[in-house]
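Undergrad: Sending over a structure as C-alpha cells; questions will come in a sec.
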Amino acid sequence: MNVHDSERMAGLLDQAGYEPTSDDRDADVIVINTCSVREHAEDKLYTRLGELRVLGEETGRPPMVAVAGCVAQQEGDALLTGTNGHVIDVVLGTQRVKMLPILLNKAAESSASAVDIAPWDDVGFPLGIARRSDPVKAYITIIEGCNDHCAFCVVPNTRGHERMRAKADILAEVQEAVESGRREVQLLGQIVNHYRAPDDPACDFAQLLREVDAIGGIERIRFASPHPRHAGTRLIEAIRDLPRVCKHLHLPLQSGSSRVLRAMRRRHTRDEYLDLVRRVREAIPNATLSTDIIVGFPGETSEDFDETLSLIRTVQYHSIFSFKYSVRPHTLASQRLPDDVSADEKTARIVALQSLQREIQTGLHERLVGTTHEVLVDHTSRRRQAEVAGRTTGNTVVNFPVPDAGNGRGAEDWIGRLVRVTIRRAGPYSVWGEVADSG
Ligand code: SAH
C-alpha cells in the first residue's frame, strides 16, 4: 500500500511539473514515504534524514524535504522539533496524499513548514495520475484504513478508520491498468476481504473478484491481505472458480497459539484457522498458502511459540513473513501488556521459525522439479544476462534463461509474457527452469 501511495505521489508531482531524478544531488524536492508498522521501519526515516542533512551541507543547496506516510501521520508537528535539527518542509498525513504539490508550494512560498495530517474520508483518486513503477503489475487500493484493533497494530491510528472505494472507481482503474499494458492487478486493503461496495450494497469482496475477473485483458488477479475471520465459502469458491484469480492465499496467522491470538485480539482460534486451511485445500488442492507471523508478542511462552512451529509444520506454507514483536505507539498492547519477551529470546525464536520454514519451502520447491507452470515474467536477472524471472499462479519465483538471447532480442522483451516453464532445480526461495515450448 505504501508503494502504491508513492506511485500516486510521484504522479501528482509529474502533473505539477516536477521531473524525476535518480541522483539525490539534483533533487529540488525529496519525499520520504514512511512506514511505522514496526519500529525498525520507523527508524529508517531518521537514518535517511541524517543522510540528507549531510548531502545538503556538501552541496550547499539542501533540497526541500517532505515526510509522508504513517510516521508523518503519527508524529505530525512533533517531527519538526524532534528530529535534531533536520529541516523538514512538509509533513503529509496518510489521508492527505492529494495535497502534496499544494503543501510543497505553500512551504516554498512561506519558508515555514507546512503540516497537514487531518483525517479525510474521501478515498477517491483521479484516474491516470499514479506513476506505476511496475511494468507488469498494477496495485489498486480498494479499502483504506482499518476498524479492527489488533492489540499489536498501529494501522488504525495511522491510516484512519475503514473506508471503501466505489466499485465503479475500482473497475475503471482496472480497465485503465489493462489499457496501460498491465497484465496483473493486485487489490489492496488492510482487510481486503472485508470489502463491500458503497455504490452496490450487494457486492462483497467475492463479487468484486468476479467483476474484476470479467474485465478482458487481465491475466492475473491477486489481493492482500485477507483476514482469516472474513474468509468464507464465497471467497474460497471465487478463488476456485475464477480463471484469472491466482491460486494463492495469503492468510496472516500471527501466532499458532489460541491464547496468544486472544491476547492479540485476532478473533479466531488456532482450530478455526486450521479448519479454514482444510476447507481451502479441499476446494482448491493446488492452492499455495503464505502467512505473517509475529514472534515474542507480550506473554508468549516457549509453549505458545512451539504451537506456532507445529502449525507451520502442519500447514506447509510456501512462504512466510516473520517479524519480532515491536511496541507501537497508542496500541492496546503498548498500553496494557509489558514487552516481556527478551530481545535475545525474540531473536532465537525468529531464527528457529525461519530455519524450519526454509526447510519446508525447500521441500515444497523440490516437489515442483519436473513439473511445468505458467510463469508471468516480471523482471530481468540482475546477476545474469539473458535470464528472467517471474511468478507462478501459486506465487513461486521461477528463474529461467531466455532461449532467443543472441537473436538481437533482449531479456527485457520477455517482461510481461506468460511463459510455460519446466522446473529443473529448486532452492529455498526460488526455483530454476527452462522454457517448455516457445509457442
Ligand atoms: N492487515 C493485515 C496486517 C498488515 S501489517 C492483517 O490484519 O493481517 C503486516 C504485518 O506486520 C502483520 O501481519 C504483522 O505480522 C506485522 N506486524 C504488525 N504490527 C506489528 C508489530 N507491532 N510488531 C511486529 N510485527 C507487526
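Labeling convention for the C-alpha cells: chains A, B, ... as they appear, residues from 1 per chain, ligands from 1 in order of appearance.
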Can you work out which residues are within 9 Å of ligand 1, considering only C-alpha atoms and all ligand atoms, and then hand them over as an MDAnalysis selection string?
TA: chainID A and resid 36:39 146 148 150:155 189:192 224:228 251:255 266 291:297 321:329 331 333:334
Undergrad: Excluding Ala138 of chain A and any residue of its chain fewer than 2 positions from it, enumerate the residues within 12 Å of it, using only C-alpha atoms, and give them as a ChimeraX atom specification.
TA: /A:1,3-4,7-8,128,130-136,140-141,170,173-188,218-223,378
Undergrad: Which of these residues is nearest to Arg336 of chain A, using only C-alpha atoms: A:Met264, A:Leu353, A:Val65, A:Ile215?
TA: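 Answer, going by the shortest atom-to-atom distance: A:Met264.
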Undergrad: Any idea what's packed within 8 Å of Arg424 of chain A, counting only C-alpha atoms, ignoring anything in its chain fewer than 2 positions away? Could you give it as a JSON list (two decimals) with C-alpha atoms, in the first residue's frame?
TA:
```
[["chain", "number", "residue", "atom", "x", "y", "z"],
["A", 369, "VAL", "CA", 11.03, -30.23, -10.13],
["A", 370, "GLY", "CA", 9.90, -31.83, -13.40],
["A", 422, "THR", "CA", 9.53, -26.65, -16.71],
["A", 426, "ALA", "CA", 14.91, -25.99, -6.52],
["A", 431, "VAL", "CA", 13.33, -22.31, -8.43],
["A", 432, "TRP", "CA", 15.09, -22.52, -11.81],
["A", 433, "GLY", "CA", 13.68, -23.86, -15.03],
["A", 434, "GLU", "CA", 13.65, -23.75, -18.81]]
```
Undergrad: What's around Asp213 of chain A at 8 Å? Count only C-alpha atoms, leave out sequence neighbours fewer than 6 positions away in its own chain, and write the answer as a VMD selection string.
TA: chain A and resid 221 242 to 245
Undergrad: Could you tell me which of A:Arg279, A:Lys247, A:Arg358, A:Arg417 comes closest to Gly232 of chain A if we count only C-alpha atoms?
TA: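 Of all the options, A:Arg279 lies closest to Gly232 of chain A.
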